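Shown next: run_19.cif, given as mmCIF, C-alpha atoms.
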```cif
data_data
loop_
_atom_site.group_PDB
_atom_site.id
_atom_site.type_symbol
_atom_site.label_atom_id
_atom_site.label_comp_id
_atom_site.auth_asym_id
_atom_site.auth_seq_id
_atom_site.Cartn_x
_atom_site.Cartn_y
_atom_site.Cartn_z
ATOM 1 C CA MET A 1 -14.903 11.474 12.435
ATOM 2 C CA GLU A 2 -14.489 9.068 15.308
ATOM 3 C CA ASN A 3 -10.697 9.154 14.878
ATOM 4 C CA GLU A 4 -8.477 10.931 12.379
ATOM 5 C CA SER A 5 -6.609 7.667 11.782
ATOM 6 C CA VAL A 6 -9.773 5.756 10.846
ATOM 7 C CA GLN A 7 -11.911 6.897 7.908
ATOM 8 C CA ARG A 8 -14.633 5.158 5.884
ATOM 9 C CA ILE A 9 -16.154 5.256 2.435
ATOM 10 C CA VAL A 10 -18.752 2.928 0.879
ATOM 11 C CA LEU A 11 -18.288 1.770 -2.717
ATOM 12 C CA GLY A 12 -21.249 -0.243 -3.933
ATOM 13 C CA ASP A 13 -21.643 -3.127 -1.498
ATOM 14 C CA VAL A 14 -18.105 -2.796 -0.137
ATOM 15 C CA GLU A 15 -17.212 -0.717 2.910
ATOM 16 C CA VAL A 16 -13.649 0.615 2.790
ATOM 17 C CA THR A 17 -11.963 1.726 6.003
ATOM 18 C CA ARG A 18 -8.655 3.558 5.978
ATOM 19 C CA VAL A 19 -6.407 2.920 8.980
ATOM 20 C CA VAL A 20 -3.333 5.176 9.095
ATOM 21 C CA GLU A 21 -0.382 3.670 10.944
ATOM 22 C CA TRP A 22 1.970 6.646 10.470
ATOM 23 C CA GLN A 23 2.067 9.866 8.456
ATOM 24 C CA GLU A 24 4.858 12.452 8.359
ATOM 25 C CA ALA A 25 7.259 14.361 6.160
ATOM 26 C CA PHE A 26 9.468 11.530 4.959
ATOM 27 C CA ALA A 27 12.157 12.621 2.480
ATOM 28 C CA PRO A 28 12.972 15.325 -0.079
ATOM 29 C CA ALA A 29 10.429 15.315 -2.890
ATOM 30 C CA ARG A 30 12.903 14.450 -5.610
ATOM 31 C CA GLY A 31 14.554 11.934 -3.339
ATOM 32 C CA ILE A 32 11.343 9.913 -3.480
ATOM 33 C CA VAL A 33 10.558 10.669 -7.149
ATOM 34 C CA PRO A 34 14.041 11.373 -8.547
ATOM 35 C CA GLU A 35 12.968 11.686 -12.196
ATOM 36 C CA SER A 36 10.576 14.556 -11.423
ATOM 37 C CA ASP A 37 11.787 18.134 -11.723
ATOM 38 C CA ALA A 38 11.413 21.051 -9.333
ATOM 39 C CA ALA A 39 9.007 22.872 -11.666
ATOM 40 C CA LEU A 40 6.534 19.979 -11.553
ATOM 41 C CA TRP A 41 6.201 20.329 -7.783
ATOM 42 C CA LYS A 42 6.223 24.127 -7.797
ATOM 43 C CA ASP A 43 3.613 24.383 -10.558
ATOM 44 C CA ASN A 44 1.232 22.212 -8.521
ATOM 45 C CA GLU A 45 1.979 23.687 -5.114
ATOM 46 C CA ASP A 46 -1.595 24.927 -4.684
ATOM 47 C CA TRP A 47 -2.887 21.386 -4.163
ATOM 48 C CA LEU A 48 0.267 19.435 -3.263
ATOM 49 C CA ALA A 49 0.679 21.504 -0.106
ATOM 50 C CA PRO A 50 0.197 20.711 2.682
ATOM 51 C CA ASP A 51 -1.044 17.113 2.354
ATOM 52 C CA HIS A 52 1.643 15.824 -0.010
ATOM 53 C CA TRP A 53 4.523 18.299 0.037
ATOM 54 C CA ASP A 54 5.951 21.132 2.126
ATOM 55 C CA PRO A 55 7.371 23.700 -0.299
ATOM 56 C CA GLU A 56 9.387 25.406 2.440
ATOM 57 C CA THR A 57 11.352 22.287 3.344
ATOM 58 C CA ASP A 58 10.878 20.412 0.020
ATOM 59 C CA MET A 59 9.848 17.373 2.048
ATOM 60 C CA ALA A 60 7.259 14.946 0.691
ATOM 61 C CA THR A 61 4.638 13.636 3.102
ATOM 62 C CA VAL A 62 4.150 9.879 3.186
ATOM 63 C CA ALA A 63 1.420 7.871 4.890
ATOM 64 C CA LEU A 64 1.686 4.239 5.921
ATOM 65 C CA GLN A 65 -1.812 2.804 5.937
ATOM 66 C CA THR A 66 -3.926 -0.288 5.669
ATOM 67 C CA TRP A 67 -7.153 -0.401 3.707
ATOM 68 C CA VAL A 68 -9.800 -2.619 5.302
ATOM 69 C CA LEU A 69 -12.501 -3.914 2.974
ATOM 70 C CA ARG A 70 -15.720 -5.529 4.172
ATOM 71 C CA SER A 71 -16.928 -7.456 1.155
ATOM 72 C CA GLY A 72 -19.268 -10.406 0.804
ATOM 73 C CA GLY A 73 -19.393 -10.949 4.554
ATOM 74 C CA ARG A 74 -15.606 -11.117 4.867
ATOM 75 C CA THR A 75 -12.956 -8.737 6.150
ATOM 76 C CA VAL A 76 -9.998 -8.112 3.849
ATOM 77 C CA LEU A 77 -6.866 -6.143 4.800
ATOM 78 C CA VAL A 78 -4.832 -4.573 1.992
ATOM 79 C CA ASP A 79 -1.211 -4.340 3.196
ATOM 80 C CA THR A 80 -0.147 -4.408 6.833
ATOM 81 C CA GLY A 81 2.299 -1.560 7.425
ATOM 82 C CA VAL A 82 5.690 -1.700 9.153
ATOM 83 C CA GLY A 83 4.881 -3.700 12.282
ATOM 84 C CA ASN A 84 6.383 -3.508 15.750
ATOM 85 C CA ASP A 85 9.665 -4.766 17.183
ATOM 86 C CA ARG A 86 11.460 -5.277 13.853
ATOM 87 C CA GLU A 87 15.171 -5.276 13.172
ATOM 88 C CA ARG A 88 15.388 -2.563 10.511
ATOM 89 C CA PRO A 89 18.923 -1.179 10.911
ATOM 90 C CA GLY A 90 18.766 0.758 7.628
ATOM 91 C CA SER A 91 15.522 2.537 8.576
ATOM 92 C CA PRO A 92 16.029 4.551 11.770
ATOM 93 C CA ARG A 93 12.362 5.577 11.944
ATOM 94 C CA PHE A 94 11.153 1.984 12.049
ATOM 95 C CA HIS A 95 14.014 0.134 13.739
ATOM 96 C CA HIS A 96 12.411 -1.475 16.829
ATOM 97 C CA TRP A 97 9.279 0.571 16.049
ATOM 98 C CA LYS A 98 6.537 0.639 18.687
ATOM 99 C CA GLY A 99 3.215 1.745 17.248
ATOM 100 C CA ASP A 100 -0.482 1.432 18.039
ATOM 101 C CA PHE A 101 -1.706 -0.153 14.817
ATOM 102 C CA LEU A 102 -3.734 -2.885 16.507
ATOM 103 C CA GLU A 103 -5.418 -0.282 18.694
ATOM 104 C CA LYS A 104 -6.359 1.669 15.554
ATOM 105 C CA LEU A 105 -7.794 -1.480 14.007
ATOM 106 C CA ALA A 106 -9.824 -1.938 17.184
ATOM 107 C CA LEU A 107 -11.184 1.615 16.797
ATOM 108 C CA ALA A 108 -12.399 0.512 13.379
ATOM 109 C CA GLY A 109 -14.140 -2.450 14.991
ATOM 110 C CA ILE A 110 -11.643 -5.039 13.740
ATOM 111 C CA ARG A 111 -10.161 -7.759 15.934
ATOM 112 C CA PRO A 112 -7.245 -9.799 14.538
ATOM 113 C CA GLN A 113 -9.242 -13.033 14.750
ATOM 114 C CA ASP A 114 -12.011 -11.512 12.597
ATOM 115 C CA VAL A 115 -9.787 -10.907 9.550
ATOM 116 C CA ASP A 116 -10.443 -13.410 6.753
ATOM 117 C CA ILE A 117 -7.939 -12.330 4.089
ATOM 118 C CA VAL A 118 -4.701 -10.351 4.103
ATOM 119 C CA VAL A 119 -3.508 -8.980 0.771
ATOM 120 C CA ASN A 120 0.180 -8.104 0.454
ATOM 121 C CA THR A 121 0.458 -6.030 -2.708
ATOM 122 C CA HIS A 122 4.204 -6.736 -2.605
ATOM 123 C CA ILE A 123 6.921 -7.771 -0.172
ATOM 124 C CA HIS A 124 8.430 -4.567 1.125
ATOM 125 C CA GLY A 125 8.836 -3.953 4.836
ATOM 126 C CA ASP A 126 6.162 -1.261 5.040
ATOM 127 C CA HIS A 127 3.552 -3.552 3.467
ATOM 128 C CA VAL A 128 4.034 -6.837 5.321
ATOM 129 C CA GLY A 129 5.089 -5.780 8.833
ATOM 130 C CA TRP A 130 1.885 -6.568 10.687
ATOM 131 C CA ASN A 131 1.605 -9.913 8.926
ATOM 132 C CA THR A 132 3.146 -11.174 12.137
ATOM 133 C CA MET A 133 3.671 -10.230 15.752
ATOM 134 C CA ASP A 134 6.089 -11.230 18.469
ATOM 135 C CA ALA A 135 4.686 -13.917 20.759
ATOM 136 C CA GLU A 136 7.220 -14.595 23.514
ATOM 137 C CA GLY A 137 10.175 -14.405 21.155
ATOM 138 C CA GLU A 138 8.530 -16.140 18.183
ATOM 139 C CA TRP A 139 7.012 -14.496 15.119
ATOM 140 C CA VAL A 140 3.448 -15.719 14.585
ATOM 141 C CA PRO A 141 0.671 -14.563 12.224
ATOM 142 C CA THR A 142 -1.138 -11.552 13.658
ATOM 143 C CA PHE A 143 -4.366 -12.654 11.980
ATOM 144 C CA PRO A 144 -4.723 -16.304 12.988
ATOM 145 C CA ASN A 145 -7.752 -17.130 10.834
ATOM 146 C CA ALA A 146 -6.724 -15.328 7.654
ATOM 147 C CA GLN A 147 -5.435 -16.448 4.309
ATOM 148 C CA TYR A 148 -2.474 -14.316 3.294
ATOM 149 C CA LEU A 149 -2.483 -13.654 -0.458
ATOM 150 C CA ILE A 150 1.137 -13.107 -1.535
ATOM 151 C CA PRO A 151 2.369 -12.590 -5.125
ATOM 152 C CA ALA A 152 4.321 -15.706 -6.107
ATOM 153 C CA ALA A 153 6.951 -13.701 -8.016
ATOM 154 C CA ASP A 154 7.736 -11.621 -4.938
ATOM 155 C CA ASP A 155 7.771 -14.656 -2.675
ATOM 156 C CA PHE A 156 10.390 -16.235 -4.916
ATOM 157 C CA HIS A 157 12.432 -13.055 -5.402
ATOM 158 C CA PHE A 158 12.592 -12.143 -1.720
ATOM 159 C CA GLY A 159 12.612 -15.695 -0.380
ATOM 160 C CA PRO A 160 15.438 -18.130 0.368
ATOM 161 C CA ASP A 161 15.364 -19.779 -3.077
ATOM 162 C CA ASN A 162 16.627 -16.510 -4.525
ATOM 163 C CA SER A 163 18.792 -15.822 -1.467
ATOM 164 C CA TYR A 164 16.493 -13.064 -0.238
ATOM 165 C CA GLY A 165 16.448 -10.681 -3.182
ATOM 166 C CA GLY A 166 19.724 -11.915 -4.576
ATOM 167 C CA GLY A 167 21.502 -11.022 -1.360
ATOM 168 C CA LEU A 168 21.728 -7.376 -2.372
ATOM 169 C CA ARG A 169 20.182 -6.013 0.832
ATOM 170 C CA GLU A 170 20.347 -7.626 4.244
ATOM 171 C CA VAL A 171 17.003 -6.037 5.126
ATOM 172 C CA ASP A 172 15.235 -8.196 2.536
ATOM 173 C CA ARG A 173 16.270 -11.302 4.469
ATOM 174 C CA LEU A 174 15.133 -9.749 7.747
ATOM 175 C CA ILE A 175 11.752 -8.777 6.268
ATOM 176 C CA TYR A 176 11.136 -12.199 4.782
ATOM 177 C CA GLU A 177 12.180 -14.064 7.907
ATOM 178 C CA ASP A 178 10.095 -12.053 10.381
ATOM 179 C CA SER A 179 7.067 -11.150 8.258
ATOM 180 C CA VAL A 180 6.601 -13.768 5.520
ATOM 181 C CA ALA A 181 8.253 -17.057 6.495
ATOM 182 C CA PRO A 182 6.145 -17.415 9.677
ATOM 183 C CA VAL A 183 2.984 -17.178 7.561
ATOM 184 C CA HIS A 184 4.246 -20.050 5.417
ATOM 185 C CA ARG A 185 5.095 -22.116 8.489
ATOM 186 C CA ALA A 186 1.569 -21.573 9.815
ATOM 187 C CA GLY A 187 0.084 -22.848 6.549
ATOM 188 C CA GLN A 188 -1.706 -19.543 5.909
ATOM 189 C CA ALA A 189 0.167 -18.333 2.801
ATOM 190 C CA VAL A 190 -1.545 -18.526 -0.593
ATOM 191 C CA LEU A 191 0.723 -17.732 -3.547
ATOM 192 C CA TRP A 192 -0.823 -16.505 -6.778
ATOM 193 C CA ASP A 193 0.317 -15.253 -10.171
ATOM 194 C CA GLY A 194 -1.357 -13.348 -13.008
ATOM 195 C CA SER A 195 -4.740 -12.750 -11.400
ATOM 196 C CA HIS A 196 -6.697 -14.028 -8.436
ATOM 197 C CA ARG A 197 -10.408 -13.496 -7.739
ATOM 198 C CA ILE A 198 -11.239 -12.997 -4.083
ATOM 199 C CA ASP A 199 -14.992 -12.605 -4.490
ATOM 200 C CA GLU A 200 -17.542 -11.083 -6.850
ATOM 201 C CA HIS A 201 -16.297 -7.572 -6.040
ATOM 202 C CA LEU A 202 -12.529 -7.984 -5.603
ATOM 203 C CA THR A 203 -9.820 -9.221 -7.981
ATOM 204 C CA LEU A 204 -6.043 -9.164 -7.709
ATOM 205 C CA GLU A 205 -3.983 -8.437 -10.822
ATOM 206 C CA SER A 206 -0.227 -8.476 -11.406
ATOM 207 C CA ALA A 207 1.395 -5.090 -12.104
ATOM 208 C CA PRO A 208 5.142 -5.820 -11.963
ATOM 209 C CA GLY A 209 7.988 -3.360 -11.937
ATOM 210 C CA HIS A 210 8.116 -1.825 -8.487
ATOM 211 C CA THR A 211 8.911 -5.382 -7.438
ATOM 212 C CA PRO A 212 8.717 -8.527 -9.582
ATOM 213 C CA GLY A 213 5.322 -9.444 -8.158
ATOM 214 C CA SER A 214 3.779 -6.048 -7.432
ATOM 215 C CA ALA A 215 -0.003 -6.263 -7.615
ATOM 216 C CA VAL A 216 -3.120 -4.129 -7.656
ATOM 217 C CA LEU A 217 -6.510 -4.974 -6.210
ATOM 218 C CA ARG A 218 -9.556 -4.032 -8.264
ATOM 219 C CA LEU A 219 -12.935 -3.315 -6.687
ATOM 220 C CA SER A 220 -16.118 -3.268 -8.759
ATOM 221 C CA SER A 221 -19.530 -3.162 -7.106
ATOM 222 C CA ARG A 222 -22.847 -1.733 -8.320
ATOM 223 C CA GLY A 223 -21.218 0.800 -10.612
ATOM 224 C CA ASP A 224 -18.539 1.926 -8.176
ATOM 225 C CA ARG A 225 -14.935 1.138 -9.058
ATOM 226 C CA ALA A 226 -11.584 1.487 -7.312
ATOM 227 C CA VAL A 227 -8.072 0.172 -7.770
ATOM 228 C CA PHE A 228 -5.728 -0.242 -4.810
ATOM 229 C CA VAL A 229 -2.349 0.280 -6.443
ATOM 230 C CA GLY A 230 0.142 -0.345 -3.641
ATOM 231 C CA ASP A 231 3.436 1.341 -4.535
ATOM 232 C CA LEU A 232 2.806 2.028 -8.207
ATOM 233 C CA LEU A 233 2.402 5.580 -6.919
ATOM 234 C CA HIS A 234 4.261 7.234 -4.046
ATOM 235 C CA SER A 235 3.191 10.782 -4.877
ATOM 236 C CA PRO A 236 0.308 12.227 -6.912
ATOM 237 C CA VAL A 237 2.859 13.941 -9.173
ATOM 238 C CA GLN A 238 3.343 10.491 -10.715
ATOM 239 C CA ILE A 239 -0.223 10.627 -12.007
ATOM 240 C CA LEU A 240 0.720 13.753 -13.931
ATOM 241 C CA THR A 241 3.974 12.141 -15.115
ATOM 242 C CA PRO A 242 3.594 8.330 -15.157
ATOM 243 C CA SER A 243 7.103 7.991 -16.600
ATOM 244 C CA CYS A 244 8.552 9.064 -13.224
ATOM 245 C CA ASN A 245 9.399 6.122 -10.985
ATOM 246 C CA SER A 246 9.962 6.242 -7.269
ATOM 247 C CA CYS A 247 13.436 5.600 -5.949
ATOM 248 C CA PHE A 248 12.196 2.216 -4.716
ATOM 249 C CA CYS A 249 11.228 0.695 -8.087
ATOM 250 C CA LEU A 250 13.382 -2.324 -8.974
ATOM 251 C CA ASP A 251 12.596 -2.528 -12.701
ATOM 252 C CA ALA A 252 12.155 0.990 -14.061
ATOM 253 C CA GLU A 253 10.816 0.075 -17.495
ATOM 254 C CA ARG A 254 8.210 -2.399 -16.248
ATOM 255 C CA ALA A 255 7.168 -0.058 -13.434
ATOM 256 C CA VAL A 256 6.442 2.735 -15.929
ATOM 257 C CA ALA A 257 4.474 0.361 -18.160
ATOM 258 C CA SER A 258 2.384 -0.925 -15.245
ATOM 259 C CA ARG A 259 1.776 2.567 -13.889
ATOM 260 C CA ARG A 260 0.643 3.926 -17.233
ATOM 261 C CA ARG A 261 -1.621 0.929 -17.896
ATOM 262 C CA ILE A 262 -3.307 1.204 -14.498
ATOM 263 C CA ILE A 263 -3.797 4.978 -14.727
ATOM 264 C CA GLU A 264 -5.158 4.722 -18.274
ATOM 265 C CA ARG A 265 -7.735 2.173 -17.212
ATOM 266 C CA ALA A 266 -8.645 4.180 -14.109
ATOM 267 C CA ALA A 267 -9.287 7.242 -16.270
ATOM 268 C CA ALA A 268 -11.295 5.274 -18.828
ATOM 269 C CA GLU A 269 -13.424 3.407 -16.271
ATOM 270 C CA ARG A 270 -13.659 6.122 -13.611
ATOM 271 C CA GLU A 271 -11.895 4.063 -11.005
ATOM 272 C CA LEU A 272 -10.880 5.673 -7.757
ATOM 273 C CA ILE A 273 -7.095 5.283 -7.451
ATOM 274 C CA VAL A 274 -6.135 4.183 -3.928
ATOM 275 C CA PRO A 275 -2.347 4.174 -3.362
ATOM 276 C CA ALA A 276 -0.546 2.931 -0.282
ATOM 277 C CA HIS A 277 1.216 6.155 0.665
ATOM 278 C CA PHE A 278 -0.793 9.250 -0.271
ATOM 279 C CA GLY A 279 -1.509 11.696 2.504
ATOM 280 C CA GLY A 280 -4.595 13.892 2.612
ATOM 281 C CA ALA A 281 -7.688 12.017 1.477
ATOM 282 C CA GLY A 282 -5.445 9.185 0.301
ATOM 283 C CA ALA A 283 -7.454 8.312 -2.831
ATOM 284 C CA VAL A 284 -8.317 10.240 -5.980
ATOM 285 C CA GLU A 285 -10.097 10.018 -9.335
ATOM 286 C CA VAL A 286 -8.155 10.719 -12.535
ATOM 287 C CA ARG A 287 -9.126 11.878 -15.986
ATOM 288 C CA ARG A 288 -7.539 12.219 -19.391
ATOM 289 C CA GLU A 289 -6.144 15.652 -20.205
ATOM 290 C CA GLY A 290 -4.655 15.909 -23.681
ATOM 291 C CA ALA A 291 -1.943 13.292 -23.989
ATOM 292 C CA GLY A 292 -1.637 12.997 -20.227
ATOM 293 C CA PHE A 293 -3.682 12.820 -17.056
ATOM 294 C CA ALA A 294 -5.089 15.180 -14.452
ATOM 295 C CA LEU A 295 -6.425 14.667 -10.969
ATOM 296 C CA GLY A 296 -10.158 14.643 -10.386
ATOM 297 C CA ARG A 297 -12.059 14.487 -7.114
ATOM 298 C CA TRP A 298 -10.460 13.257 -3.912
ATOM 299 C CA ALA A 299 -12.228 10.612 -1.846
ATOM 300 C CA ALA A 300 -14.980 11.869 0.450
ATOM 301 C CA TYR A 301 -15.290 9.897 3.681
ATOM 302 C CA ASP A 302 -18.351 9.601 5.855
ATOM 303 C CA ALA A 303 -18.658 11.287 9.233
ATOM 304 C CA ARG A 304 -19.077 8.246 11.453
#
```
Could I get this file's structure written as C-alpha cells?
Amino acid sequence: MENESVQRIVLGDVEVTRVVEWQEAFAPARGIVPESDAALWKDNEDWLAPDHWDPETDMATVALQTWVLRSGGRTVLVDTGVGNDRERPGSPRFHHWKGDFLEKLALAGIRPQDVDIVVNTHIHGDHVGWNTMDAEGEWVPTFPNAQYLIPAADDFHFGPDNSYGGGLREVDRLIYEDSVAPVHRAGQAVLWDGSHRIDEHLTLESAPGHTPGSAVLRLSSRGDRAVFVGDLLHSPVQILTPSCNSCFCLDAERAVASRRRIIERAAAERELIVPAHFGGAGAVEVRREGAGFALGRWAAYDAR
C-alpha cells in the first residue's frame, strides 16, 4: 500500500478510503468495555490479538480514523478525529496534540477545499476535532467548502442551550466551543434528526444511546452494503455480546437497543460494519450464530 495510514476499498460506485490519525494500546480491555468478562477476551484471543487486544498487558488497541467516501462526484468525510492544538486537560494523550492528519489526507489525494460534506456521527472530541483548525488564534472550519452534517440532538445536548452537556464535564464545553461553534458561525452547520439522505448511495440514520444524537451512515450501491457505526462499537467483542456497552455510553439501555438493531440488520443484509475505532482491517462482516452473532470476513483493501 502507498501508506499504512491510508487504505482503500471500493463498494459499488463508492470508493472508501481509511485515514488513520492514531492507533495504539489505549486502556485495559474491561476499562473500555466494563460489562465484558475476562473469559470473553481470553476465549477469542486467537483473533483479538494483536490487532484489538494484547493479552499480556490486557490493553485494548484503539484506532482514531476518518473514513473518506467518494460518492456521486462528491467527497464525504465521516468523523474528523481529535484535531491539533486543543485544550483537553482530562486527556493527556491529546492535550495540545500535534499530529499529521492533514498530511495523511493529502497522501489520499484530498485537499481541505475539495471536501464537500463532513459527517459527525456524534459530538465527542475524537470525532469532531478536525472540524476546525487554528488560524492565527481563531478556530475556523478546516474544510471551507463543506456542509457539516451534525445530529440535532447532540448539538442541543452538548451546546450552550443545555449548558454544554448539562455542565457535567468541562471538556464538553471546550469541545463544542473549539470544534462545533465555529462551524455554526461560518454558516456551514446542517442539523438533522431521524434520517438524512446525502445522495443515492448514502443515508444517515439516528442510533441514539452512546450520545443522544449518535448516528450511523448507511452505504448501498450496486449490491454492496456497509454501515459506518461511529461509537456503537469500540471493540469487536461487542459484536459477540451486543448487551455490553463501552464506558463512554451515556444512555446504557438505548445504546444496547441501537447496537443490537444495527448488528441484526447488518447480519440480515450482509452489510460491512465499519466502526470508528477498530484496529486491524477496521471493518468486518457479521452473521447470525444461534441466538447471537459471529464475525465474518474482515475488509480487504486494494494495493494502490
Report as a PyMOL selection string the full result of the PyMOL selection byres ((chain A and resi 283) around 6) when it is applied to this structure. chain A and resi 273-274+281-282+284+298-299
Please indicate the distance in Å from CA of Ile262 in chain A to CA of Gln238 in chain A, rounded to one decimal place.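 Spanning CA of Ile262 in chain A to CA of Gln238 in chain A is a straight-line distance of 12.0 Å.
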Would you list the contacts of Arg74 in chain A as a list in words, taking every protein, DNA or RNA residue within 9 Å and counting all atoms listed in the file, but skipping same-chain residues closer than 5 positions in sequence?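 Listed by chain and then number, they are Leu69, Asp114, Val115, Asp116 and Ile117 of chain A.
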Store the residues of this selection in a file with C-alpha atoms, as a PDB file, in the coordinates of the input.
```pdb
ATOM      1  CA  LEU A  69     -12.501  -3.914   2.974  1.00  0.00           C
ATOM      2  CA  ASP A 114     -12.011 -11.512  12.597  1.00  0.00           C
ATOM      3  CA  VAL A 115      -9.787 -10.907   9.550  1.00  0.00           C
ATOM      4  CA  ASP A 116     -10.443 -13.410   6.753  1.00  0.00           C
ATOM      5  CA  ILE A 117      -7.939 -12.330   4.089  1.00  0.00           C
TER       6      ILE A 117
END
```
Selected residue, from A:Ile32, A:Ile239, A:Val227, A:Leu295, that lies nearest to Ala276 in chain A when counting all atoms listed in the file: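 Closest candidate: A:Val227.
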Name every residue that the PyMOL selection byres ((chain A and resi 100) around 12) selects in this structure, writing the answer as a PyMOL selection string with chains first and numbers rising. chain A and resi 5+19-22+81-85+97-99+101-107+130
